[in-house]
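The file run.csv comes next; it holds CSV, C-alpha atoms.
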```csv
chain,number,residue,atom,x,y,z
A,1,MET,CA,-9.7,-7.4,27.0
A,2,LYS,CA,-11.0,-4.2,25.2
A,3,PRO,CA,-10.2,-4.0,21.5
A,4,ASP,CA,-8.6,-0.5,21.9
A,5,ALA,CA,-6.1,-1.9,24.5
A,6,ILE,CA,-5.1,-4.7,22.1
A,7,ARG,CA,-4.9,-2.6,18.9
A,8,GLY,CA,-1.7,-0.8,20.0
A,9,HIS,CA,0.0,-4.2,20.5
A,10,LEU,CA,-1.5,-6.0,17.5
A,11,ASP,CA,1.6,-5.9,15.4
A,12,ALA,CA,3.7,-7.4,18.2
A,13,LEU,CA,1.1,-10.1,18.9
A,14,LEU,CA,1.0,-11.1,15.2
A,15,LEU,CA,4.8,-11.2,15.0
A,16,ALA,CA,4.9,-13.5,18.1
A,17,THR,CA,2.1,-15.7,16.7
A,18,LEU,CA,4.1,-16.2,13.5
A,19,ASP,CA,7.4,-16.9,15.3
A,20,GLY,CA,8.8,-20.1,13.8
A,21,ARG,CA,5.8,-21.1,11.8
A,22,GLN,CA,3.8,-20.3,8.6
A,23,LEU,CA,0.1,-19.7,9.1
A,24,HIS,CA,-2.9,-18.6,7.1
A,25,GLY,CA,-5.1,-15.8,8.3
A,26,TYR,CA,-7.7,-17.8,10.3
A,27,ALA,CA,-5.0,-20.0,11.8
A,28,ILE,CA,-3.4,-16.8,13.1
A,29,ILE,CA,-6.7,-15.6,14.6
A,30,GLU,CA,-7.2,-19.0,16.3
A,31,ALA,CA,-3.6,-19.0,17.6
A,32,LEU,CA,-4.1,-15.5,19.0
A,33,GLN,CA,-7.3,-16.5,20.7
A,34,GLN,CA,-5.9,-19.8,22.1
A,35,GLY,CA,-2.7,-18.0,23.3
A,36,SER,CA,-4.8,-15.5,25.2
A,37,GLY,CA,-7.2,-18.1,26.6
A,38,GLY,CA,-10.0,-16.4,24.6
A,39,ALA,CA,-9.4,-13.0,26.3
A,40,LEU,CA,-8.4,-11.2,23.1
A,41,ASP,CA,-11.7,-9.6,22.0
A,42,LEU,CA,-10.8,-7.9,18.7
A,43,PRO,CA,-12.8,-7.9,15.5
A,44,THR,CA,-11.1,-10.6,13.5
A,45,GLY,CA,-11.3,-8.6,10.3
A,46,THR,CA,-8.7,-6.2,11.7
A,47,VAL,CA,-6.1,-8.9,11.6
A,48,TYR,CA,-5.8,-8.8,7.8
A,49,PRO,CA,-5.0,-5.1,7.3
A,50,ALA,CA,-2.5,-5.5,10.1
A,51,LEU,CA,-0.8,-8.4,8.3
A,52,ARG,CA,-0.6,-6.3,5.2
A,53,ARG,CA,1.0,-3.5,7.2
A,54,LEU,CA,3.6,-5.9,8.5
A,55,GLU,CA,4.2,-7.1,5.0
A,56,ARG,CA,4.7,-3.5,3.8
A,57,ALA,CA,7.2,-3.0,6.6
A,58,GLY,CA,9.1,-6.1,5.4
A,59,HIS,CA,8.4,-8.0,8.6
A,60,VAL,CA,6.3,-10.8,7.1
A,61,THR,CA,6.0,-12.3,3.6
A,62,SER,CA,2.9,-14.0,2.2
A,63,ASP,CA,2.3,-16.7,-0.4
A,64,TRP,CA,-0.8,-18.3,-1.8
A,65,SER,CA,-0.7,-22.0,-1.2
A,66,THR,CA,-3.2,-24.9,-0.9
A,67,VAL,CA,-4.0,-25.7,2.8
A,68,GLY,CA,-6.6,-28.3,3.6
A,69,GLY,CA,-7.7,-28.5,0.0
A,70,ARG,CA,-8.3,-24.7,-0.2
A,71,LYS,CA,-6.2,-22.0,-1.7
A,72,ARG,CA,-5.0,-19.7,1.1
A,73,ARG,CA,-2.7,-16.9,1.7
A,74,THR,CA,-0.1,-17.9,4.3
A,75,TYR,CA,2.2,-15.7,6.2
A,76,LYS,CA,5.7,-16.1,7.8
A,77,LEU,CA,8.3,-13.9,9.5
A,78,THR,CA,11.2,-12.5,7.5
A,79,GLN,CA,14.6,-11.9,9.2
A,80,ALA,CA,13.6,-8.3,9.7
A,81,GLY,CA,10.4,-9.5,11.3
A,82,GLN,CA,12.5,-11.7,13.7
A,83,ARG,CA,14.6,-8.7,14.7
A,84,ALA,CA,11.4,-6.6,15.1
A,85,LEU,CA,9.9,-9.3,17.3
A,86,SER,CA,13.1,-9.4,19.5
A,87,ALA,CA,12.9,-5.6,19.9
A,88,GLU,CA,9.2,-5.8,20.8
A,89,ARG,CA,9.8,-8.5,23.4
A,90,ASN,CA,12.7,-6.5,25.0
A,91,ALA,CA,10.6,-3.3,25.0
A,92,TRP,CA,7.7,-5.2,26.6
A,93,ARG,CA,9.9,-6.7,29.3
A,94,GLU,CA,11.3,-3.3,30.1
A,95,PHE,CA,7.8,-1.8,30.1
A,96,THR,CA,6.3,-4.4,32.4
A,97,THR,CA,9.2,-4.3,34.8
A,98,VAL,CA,8.8,-0.5,35.2
A,99,ILE,CA,5.0,-0.6,35.5
A,100,ASP,CA,5.1,-3.6,37.9
A,101,GLY,CA,7.7,-1.8,40.0
A,102,VAL,CA,5.1,0.8,40.7
A,103,LEU,CA,1.7,-0.9,40.3
A,104,GLY,CA,2.9,-4.1,41.9
A,105,GLY,CA,3.1,-2.5,45.3
A,106,GLY,CA,6.8,-2.9,45.8
A,107,GLY,CA,7.7,0.8,45.1
A,108,THR,CA,9.2,2.9,48.0
A,109,TRP,CA,6.4,5.4,47.5
A,110,ALA,CA,3.8,2.8,48.3
A,111,GLN,CA,5.5,2.1,51.7
A,112,THR,CA,5.5,5.7,52.9
B,1,MET,CA,-30.0,-18.7,4.1
B,2,GLY,CA,-26.8,-19.2,6.0
B,3,ALA,CA,-24.5,-19.0,3.0
B,4,ASP,CA,-26.2,-15.8,2.0
B,5,VAL,CA,-24.9,-14.1,5.2
B,6,ILE,CA,-21.3,-14.5,4.3
B,7,GLU,CA,-21.8,-13.6,0.6
B,8,ARG,CA,-23.8,-10.6,1.6
B,9,TYR,CA,-21.1,-9.4,3.9
B,10,VAL,CA,-18.3,-10.0,1.4
B,11,THR,CA,-20.4,-8.3,-1.4
B,12,ASP,CA,-21.1,-5.3,0.9
B,13,LEU,CA,-17.4,-5.1,1.8
B,14,GLY,CA,-16.3,-5.3,-1.8
B,15,SER,CA,-18.7,-2.6,-2.9
B,16,ARG,CA,-17.1,-0.1,-0.5
B,17,LEU,CA,-13.5,-0.8,-1.6
B,18,GLN,CA,-11.4,1.0,-4.3
B,19,GLY,CA,-8.0,0.0,-5.4
B,20,SER,CA,-6.1,-2.5,-7.6
B,21,ARG,CA,-8.6,-5.2,-8.8
B,22,ARG,CA,-6.1,-7.9,-7.8
B,23,GLN,CA,-5.6,-6.5,-4.3
B,24,VAL,CA,-9.3,-6.1,-3.7
B,25,ARG,CA,-9.9,-9.7,-5.0
B,26,ASP,CA,-7.2,-11.1,-2.7
B,27,LEU,CA,-8.6,-9.3,0.3
B,28,LEU,CA,-12.1,-10.5,-0.4
B,29,THR,CA,-10.9,-14.1,-1.0
B,30,GLU,CA,-9.1,-14.0,2.4
B,31,THR,CA,-12.2,-12.6,4.0
B,32,ARG,CA,-14.5,-15.2,2.6
B,33,ASP,CA,-12.0,-18.0,3.6
B,34,SER,CA,-11.8,-16.6,7.1
B,35,LEU,CA,-15.6,-16.4,7.5
B,36,THR,CA,-15.9,-19.9,6.2
B,37,ASP,CA,-13.3,-21.2,8.6
B,38,ALA,CA,-15.0,-19.4,11.5
B,39,THR,CA,-18.4,-20.9,10.5
B,40,GLU,CA,-16.9,-24.4,10.4
B,41,ALA,CA,-15.5,-23.8,13.9
B,42,HIS,CA,-18.9,-22.7,15.2
B,43,LEU,CA,-20.6,-25.6,13.6
B,44,ASP,CA,-18.2,-27.9,15.5
B,45,ASP,CA,-19.3,-26.1,18.6
B,46,GLY,CA,-22.9,-27.2,17.9
B,47,LEU,CA,-24.4,-24.0,16.3
B,48,THR,CA,-26.7,-24.3,13.3
B,49,GLU,CA,-25.4,-23.2,9.9
B,50,ALA,CA,-27.3,-19.9,10.0
B,51,GLU,CA,-26.2,-19.2,13.6
B,52,ALA,CA,-22.6,-20.2,12.8
B,53,GLN,CA,-22.4,-17.8,9.9
B,54,GLU,CA,-24.1,-14.9,11.8
B,55,ARG,CA,-21.6,-15.4,14.6
B,56,ALA,CA,-18.6,-15.5,12.2
B,57,VAL,CA,-19.7,-12.3,10.5
B,58,GLU,CA,-20.3,-10.6,13.9
B,59,GLU,CA,-16.8,-11.6,15.1
B,60,PHE,CA,-15.2,-10.3,11.9
B,61,GLY,CA,-16.4,-6.8,12.7
B,62,PRO,CA,-18.9,-4.2,11.4
B,63,VAL,CA,-18.5,-4.0,7.7
B,64,ARG,CA,-18.0,-0.2,7.7
B,65,GLU,CA,-15.2,-0.4,10.3
B,66,ILE,CA,-13.4,-3.2,8.4
B,67,ALA,CA,-13.9,-1.5,5.0
B,68,HIS,CA,-12.3,1.6,6.5
B,69,GLU,CA,-9.2,-0.4,7.5
B,70,TYR,CA,-9.0,-2.4,4.2
B,71,GLN,CA,-9.4,0.8,2.2
B,72,ALA,CA,-6.4,2.4,3.9
B,73,GLU,CA,-4.2,-0.6,3.0
B,74,LEU,CA,-5.6,-0.6,-0.6
B,75,ALA,CA,-4.8,3.1,-0.9
B,76,VAL,CA,-1.2,2.6,0.3
B,77,ALA,CA,-0.7,-0.4,-2.1
B,78,TYR,CA,-2.0,1.7,-5.0
B,79,GLY,CA,0.2,4.6,-4.1
B,80,THR,CA,3.2,2.3,-3.8
B,81,ARG,CA,2.6,0.8,-7.2
B,82,THR,CA,2.2,4.2,-8.8
B,83,LEU,CA,5.4,5.5,-7.1
B,84,VAL,CA,7.4,2.4,-8.3
B,85,TRP,CA,6.2,3.1,-11.9
B,86,LEU,CA,7.2,6.8,-11.6
B,87,ALA,CA,10.6,5.9,-10.2
B,88,ILE,CA,11.4,3.5,-13.0
B,89,VAL,CA,9.6,4.9,-16.1
B,90,LEU,CA,10.2,8.6,-15.8
B,91,PRO,CA,14.0,8.5,-16.1
B,92,LEU,CA,13.9,5.8,-18.8
B,93,MET,CA,11.4,7.8,-20.8
B,94,HIS,CA,13.5,11.0,-20.6
B,95,MET,CA,16.7,9.1,-21.5
B,96,ALA,CA,15.0,7.5,-24.5
B,97,TRP,CA,13.6,10.9,-25.7
B,98,GLU,CA,17.0,12.6,-25.3
B,99,TYR,CA,18.8,9.8,-27.0
B,100,GLY,CA,16.3,10.0,-29.9
B,101,ARG,CA,16.7,13.7,-30.1
B,102,MET,CA,20.5,13.5,-30.4
B,103,LEU,CA,20.2,10.7,-32.9
B,104,LEU,CA,17.5,12.3,-35.2
B,105,ILE,CA,17.9,16.0,-34.7
B,106,GLY,CA,21.4,16.5,-33.2
B,107,PRO,CA,22.7,18.9,-30.5
B,108,TRP,CA,21.3,22.4,-30.3
B,109,GLN,CA,24.5,23.8,-31.7
B,110,ASP,CA,23.7,22.2,-35.1
B,111,PHE,CA,20.7,24.6,-35.5
B,112,GLY,CA,23.1,27.3,-36.6
B,113,THR,CA,22.2,29.7,-33.8
B,114,MET,CA,22.1,28.8,-30.1
B,115,PRO,CA,18.7,29.2,-28.5
B,116,PRO,CA,18.4,32.1,-26.1
B,117,ALA,CA,19.3,31.8,-22.5
B,118,TRP,CA,15.7,31.7,-21.3
B,119,TYR,CA,15.0,28.8,-23.6
B,120,LEU,CA,18.0,26.8,-22.4
B,121,PHE,CA,16.9,27.5,-18.8
B,122,ILE,CA,13.5,26.0,-19.5
B,123,ALA,CA,15.1,23.1,-21.4
B,124,GLN,CA,17.5,22.3,-18.6
B,125,ALA,CA,14.7,22.6,-16.0
B,126,ASN,CA,12.6,20.2,-18.0
B,127,ASP,CA,15.5,17.8,-18.2
B,128,LEU,CA,15.8,17.9,-14.4
B,129,THR,CA,12.1,17.3,-13.7
B,130,SER,CA,12.0,13.7,-14.6
B,131,GLY,CA,15.1,12.9,-12.5
B,132,ILE,CA,13.8,14.9,-9.6
B,133,ALA,CA,10.3,13.4,-9.8
B,134,SER,CA,11.8,9.9,-10.0
B,135,GLY,CA,14.1,10.5,-7.1
B,136,VAL,CA,11.3,11.9,-4.9
B,137,ALA,CA,9.2,8.8,-5.7
B,138,LEU,CA,12.1,6.6,-4.8
B,139,VAL,CA,12.7,8.4,-1.5
B,140,ALA,CA,8.9,8.2,-0.7
B,141,LEU,CA,9.0,4.5,-1.3
B,142,ILE,CA,11.9,4.0,1.0
B,143,LEU,CA,10.4,6.2,3.7
B,144,GLY,CA,7.1,4.5,3.3
B,145,ARG,CA,8.7,1.1,4.1
B,146,ILE,CA,10.6,2.4,7.1
B,147,LEU,CA,7.6,4.3,8.5
B,148,ALA,CA,5.0,1.6,7.7
B,149,ARG,CA,4.4,0.7,11.3
B,150,LYS,CA,5.1,4.1,12.8
B,151,TYR,CA,2.4,6.2,11.2
B,152,ASP,CA,-1.3,5.8,10.5
B,153,THR,CA,-1.9,3.9,7.3
B,154,ARG,CA,-4.4,6.5,6.1
B,155,LEU,CA,-1.9,9.3,6.6
B,156,LEU,CA,0.8,7.4,4.6
B,157,ALA,CA,-1.7,6.7,1.8
B,158,LYS,CA,-2.5,10.5,1.6
B,159,VAL,CA,1.2,11.5,1.6
B,160,GLY,CA,2.0,8.9,-1.0
B,161,ALA,CA,-0.8,10.1,-3.2
B,162,GLY,CA,0.3,13.7,-2.7
B,163,VAL,CA,3.8,12.8,-3.8
B,164,ALA,CA,2.5,11.0,-6.9
B,165,VAL,CA,0.3,14.0,-7.8
B,166,VAL,CA,3.1,16.6,-7.3
B,167,ALA,CA,5.7,14.4,-9.2
B,168,VAL,CA,3.3,13.9,-12.2
B,169,GLY,CA,2.3,17.6,-12.1
B,170,THR,CA,5.9,18.7,-12.2
B,171,VAL,CA,6.7,16.5,-15.2
B,172,LEU,CA,3.5,17.7,-16.9
B,173,LEU,CA,4.5,21.4,-16.2
B,174,GLY,CA,8.0,20.8,-17.5
B,175,ASN,CA,6.7,19.2,-20.8
B,176,ILE,CA,4.1,21.9,-21.4
B,177,SER,CA,6.7,24.6,-20.7
B,178,ILE,CA,9.2,23.2,-23.2
B,179,ILE,CA,6.5,22.8,-25.9
B,180,LEU,CA,5.2,26.3,-25.4
B,181,ALA,CA,8.8,27.7,-25.4
B,182,THR,CA,9.7,25.8,-28.5
B,183,ALA,CA,6.5,26.9,-30.2
B,184,HIS,CA,7.3,30.5,-29.3
B,185,LEU,CA,10.9,30.2,-30.5
B,186,ASP,CA,10.4,28.3,-33.7
B,187,ALA,CA,7.2,26.3,-34.1
B,188,ALA,CA,8.6,24.4,-37.1
B,189,ARG,CA,11.0,22.6,-34.7
B,190,LEU,CA,8.0,20.8,-33.1
B,191,VAL,CA,7.2,18.9,-36.2
B,192,GLN,CA,10.5,18.8,-38.1
B,193,SER,CA,11.1,15.1,-37.4
B,194,ALA,CA,8.3,12.6,-37.7
B,195,PRO,CA,10.0,9.9,-35.5
B,196,MET,CA,10.5,12.6,-32.8
B,197,LEU,CA,6.9,13.6,-33.1
B,198,VAL,CA,5.9,10.0,-32.5
B,199,ALA,CA,8.3,9.8,-29.5
B,200,THR,CA,6.8,13.0,-28.1
B,201,LEU,CA,3.2,11.6,-28.5
B,202,ILE,CA,4.3,8.4,-26.7
B,203,SER,CA,5.8,10.5,-23.9
B,204,TRP,CA,2.5,12.4,-23.6
B,205,ILE,CA,0.5,9.1,-23.5
B,206,VAL,CA,2.7,7.9,-20.6
B,207,ILE,CA,2.4,11.2,-18.8
B,208,ILE,CA,-1.4,11.2,-19.1
B,209,ARG,CA,-1.5,7.6,-17.9
B,210,PHE,CA,0.6,8.6,-14.9
B,211,GLY,CA,-1.8,11.5,-14.3
B,212,LEU,CA,-4.7,9.1,-14.2
B,213,LEU,CA,-2.9,6.8,-11.9
B,214,ALA,CA,-2.0,9.7,-9.5
B,215,ARG,CA,-5.6,10.9,-9.6
B,216,ARG,CA,-6.8,7.4,-8.7
B,217,CYS,CA,-4.2,7.2,-5.9
B,218,LEU,CA,-5.7,10.4,-4.4
B,219,SER,CA,-9.2,9.0,-4.8
B,220,CYS,CA,-8.3,5.7,-3.1
B,221,ALA,CA,-6.6,7.6,-0.2
B,222,THR,CA,-9.5,10.0,0.4
B,223,ILE,CA,-12.6,7.8,-0.2
B,224,VAL,CA,-14.7,7.1,2.9
B,225,ALA,CA,-15.2,3.4,2.6
```
Transcribe the structure of this file into structure tokens.
Amino acid sequence: MKPDAIRGHLDALLLATLDGRQLHGYAIIEALQQGSGGALDLPTGTVYPALRRLERAGHVTSDWSTVGGRKRRTYKLTQAGQRALSAERNAWREFTTVIDGVLGGGGTWAQT
Amino acid sequence: MGADVIERYVTDLGSRLQGSRRQVRDLLTETRDSLTDATEAHLDDGLTEAEAQERAVEEFGPVREIAHEYQAELAVAYGTRTLVWLAIVLPLMHMAWEYGRMLLIGPWQDFGTMPPAWYLFIAQANDLTSGIASGVALVALILGRILARKYDTRLLAKVGAGVAVVAVGTVLLGNISIILATAHLDAARLVQSAPMLVATLISWIVIIRFGLLARRCLSCATIVA
């Protein structure tokens, strides 16, 4: 999948990746790649500024902690982040329903 | 050879960034960790050390593109820090100065004659500048948080820096105006109380410090990383 197509959804993808868990940067990148079956082709370096942006918005918090013997910055969702994730999921469902109604071939216009 | 690839990348990235030293260090530490993790993953996949590092750096992204995104975040962080200082320190500094004046010099009525209306206007305007500048900084901070995901980071950084520059400029203008007005009215008043002279000098040091912070905000927000 093209990086430009992903960029607009990166915040939502990161929020979903952190849902119910605390992860460090590379673990987030791995989870994103595994979750997409390796289809997300984004420069991994763009994840860190995006995490900072989410932190600024109050949607994630970060802490330095020792993971696997190395000091790492780990991220987790805040309550505001949970609410933002729910809103993103609802918006996405609505969007895909609408688009699928047209592109999926089930629209009345397609039958005429 | 392999380890040099990551170090070279991190060094190149660091040389392009401008902002709070701690923030830059944190970002570079995360970058180095991420590249090391990616290298380990590629080693597990059977690549050689050098190949694994090259692949990790390649996946991380072109240094110029990554620096551009990092710099935007650093600029916003620097602007936020400066606005927090402005919101807190400006009203405190003004209150301390006014309290000191009342304590050491007394109200204007005690000078025998009331200053002319134009002087009182400048004095009142100067009294308001710190409060207004602090309020504007606070509003900018709140809006910055609300709009963090809605607007481009570089735009937010530039707006934040602009607010900081205007806020400090207004306070500076207010202070210069009141000093010139006092000098015009009665220059002796400027030096009649040694403790107040010290308080005024401290105020100026703080204002100049804010001026330097605001200038650096602007530099962080406009630099091409």
With all atoms listed in the file as the basis for distance, which of A:Glu30, A:Glu88, A:Asp11, A:Asp41 is at the shortest distance from B:Glu58?
A:Asp41
Find the residues of chain A that sit at most 12 Å from chain B; for each, write down the nearest two atoms and how far apart they are in Å, to one decimal. Count only C-alpha atoms. Sort by chain, then by number going up, and give it as a Markdown table.
```
| residue | atom | partner | partner_atom | distance |
| --- | --- | --- | --- | --- |
| A:Pro3 | CA | B:Gly61 | CA | 11.1 |
| A:Gly8 | CA | B:Arg149 | CA | 10.7 |
| A:His9 | CA | B:Arg149 | CA | 11.3 |
| A:Leu10 | CA | B:Arg149 | CA | 10.9 |
| A:Asp11 | CA | B:Arg149 | CA | 8.3 |
| A:Ala12 | CA | B:Arg149 | CA | 10.7 |
| A:His24 | CA | B:Glu30 | CA | 9.0 |
| A:Gly25 | CA | B:Ser34 | CA | 6.9 |
| A:Tyr26 | CA | B:Ser34 | CA | 5.3 |
| A:Ala27 | CA | B:Ser34 | CA | 8.9 |
| A:Ile28 | CA | B:Ser34 | CA | 10.3 |
| A:Ile29 | CA | B:Ser34 | CA | 9.1 |
| A:Glu30 | CA | B:Ala38 | CA | 9.2 |
| A:Leu40 | CA | B:Glu59 | CA | 11.6 |
| A:Asp41 | CA | B:Glu59 | CA | 8.8 |
| A:Leu42 | CA | B:Glu59 | CA | 7.9 |
| A:Pro43 | CA | B:Gly61 | CA | 4.7 |
| A:Thr44 | CA | B:Phe60 | CA | 4.4 |
| A:Gly45 | CA | B:Phe60 | CA | 4.5 |
| A:Thr46 | CA | B:Ile66 | CA | 6.5 |
| A:Val47 | CA | B:Phe60 | CA | 9.2 |
| A:Tyr48 | CA | B:Tyr70 | CA | 8.0 |
| A:Pro49 | CA | B:Tyr70 | CA | 5.7 |
| A:Ala50 | CA | B:Glu73 | CA | 8.8 |
| A:Leu51 | CA | B:Glu73 | CA | 10.0 |
| A:Arg52 | CA | B:Glu73 | CA | 7.1 |
| A:Arg53 | CA | B:Ala148 | CA | 6.5 |
| A:Leu54 | CA | B:Arg149 | CA | 7.2 |
| A:Glu55 | CA | B:Ala148 | CA | 9.1 |
| A:Arg56 | CA | B:Arg145 | CA | 6.1 |
| A:Ala57 | CA | B:Arg145 | CA | 5.0 |
| A:Gly58 | CA | B:Arg145 | CA | 7.3 |
| A:His59 | CA | B:Arg149 | CA | 9.9 |
| A:Ser62 | CA | B:Asp26 | CA | 11.6 |
| A:Asp63 | CA | B:Asp26 | CA | 11.3 |
| A:Trp64 | CA | B:Asp26 | CA | 9.7 |
| A:Val67 | CA | B:Asp33 | CA | 11.1 |
| A:Gly68 | CA | B:Asp37 | CA | 11.0 |
| A:Gly69 | CA | B:Asp33 | CA | 11.9 |
| A:Arg70 | CA | B:Asp33 | CA | 8.5 |
| A:Lys71 | CA | B:Asp33 | CA | 8.8 |
| A:Arg72 | CA | B:Glu30 | CA | 7.1 |
| A:Arg73 | CA | B:Glu30 | CA | 7.1 |
| A:Thr74 | CA | B:Glu30 | CA | 10.0 |
| A:Ala80 | CA | B:Ile146 | CA | 11.4 |
| A:Gly81 | CA | B:Arg149 | CA | 11.8 |
| A:Ala84 | CA | B:Arg149 | CA | 10.8 |
```
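One distance worth recording is that between atom CA of A:Leu77 and atom CA of A:Ala16, which is 9.3 Å.
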Need the shell around stretch 132-137 of chain B: protein/DNA/RNA residues with any atom at most 8 Å away, counting all atoms listed in the file. Skip same-chain ones fewer than 3 positions apart. Format as a PDB file with C-alpha atoms, in the frame of the given file?
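File produced: result26.pdb:
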```pdb
ATOM      1  CA  LEU B  83       5.400   5.500  -7.100  1.00  0.00           C
ATOM      2  CA  VAL B  84       7.400   2.400  -8.300  1.00  0.00           C
ATOM      3  CA  LEU B  86       7.200   6.800 -11.600  1.00  0.00           C
ATOM      4  CA  ALA B  87      10.600   5.900 -10.200  1.00  0.00           C
ATOM      5  CA  ILE B  88      11.400   3.500 -13.000  1.00  0.00           C
ATOM      6  CA  LEU B  90      10.200   8.600 -15.800  1.00  0.00           C
ATOM      7  CA  PRO B  91      14.000   8.500 -16.100  1.00  0.00           C
ATOM      8  CA  LEU B 128      15.800  17.900 -14.400  1.00  0.00           C
ATOM      9  CA  THR B 129      12.100  17.300 -13.700  1.00  0.00           C
ATOM     10  CA  ALA B 140       8.900   8.200  -0.700  1.00  0.00           C
ATOM     11  CA  LEU B 141       9.000   4.500  -1.300  1.00  0.00           C
ATOM     12  CA  VAL B 163       3.800  12.800  -3.800  1.00  0.00           C
ATOM     13  CA  ALA B 164       2.500  11.000  -6.900  1.00  0.00           C
ATOM     14  CA  ALA B 167       5.700  14.400  -9.200  1.00  0.00           C
ATOM     15  CA  VAL B 168       3.300  13.900 -12.200  1.00  0.00           C
ATOM     16  CA  THR B 170       5.900  18.700 -12.200  1.00  0.00           C
ATOM     17  CA  VAL B 171       6.700  16.500 -15.200  1.00  0.00           C
TER      18      VAL B 171
END
```
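The shell of residues at most 7 Å from B:Arg154, with all atoms listed in the file counted and near chain neighbours (fewer than 3 positions) removed, consists of Ala72, Ala157, Lys158 and Ala221 of chain B.
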In Å, with one decimal, what is the gap from atom CA of B:Leu201 to atom CA of B:Arg101?
13.8 Å
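With all atoms listed in the file as the basis for measurement, A:Thr61 is the residue among A:Ala39, A:Ala31, A:Thr61, A:Asn90 that approaches A:Tyr75 most closely.
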Between A:Lys76, A:Thr66, A:Gln33, A:Thr96, which residue has the minimum interatomic distance to A:Arg21, considering all atoms listed in the file?
A:Lys76
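When all atoms listed in the file are used to compute distances to B:Ala75, the closest of the residues B:Met95, B:Ile178, B:Leu138, B:Ala161 turns out to be B:Ala161.
Candidate residues B:Ile105, B:Phe210, B:Thr182, B:Tyr151 were compared for distance to B:Ala194, and the nearest is B:Ile105, using only C-alpha atoms.
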To one decimal in Å, tell me the separation between atom CA of B:Glu54 and atom CA of A:Leu23.
24.8 Å
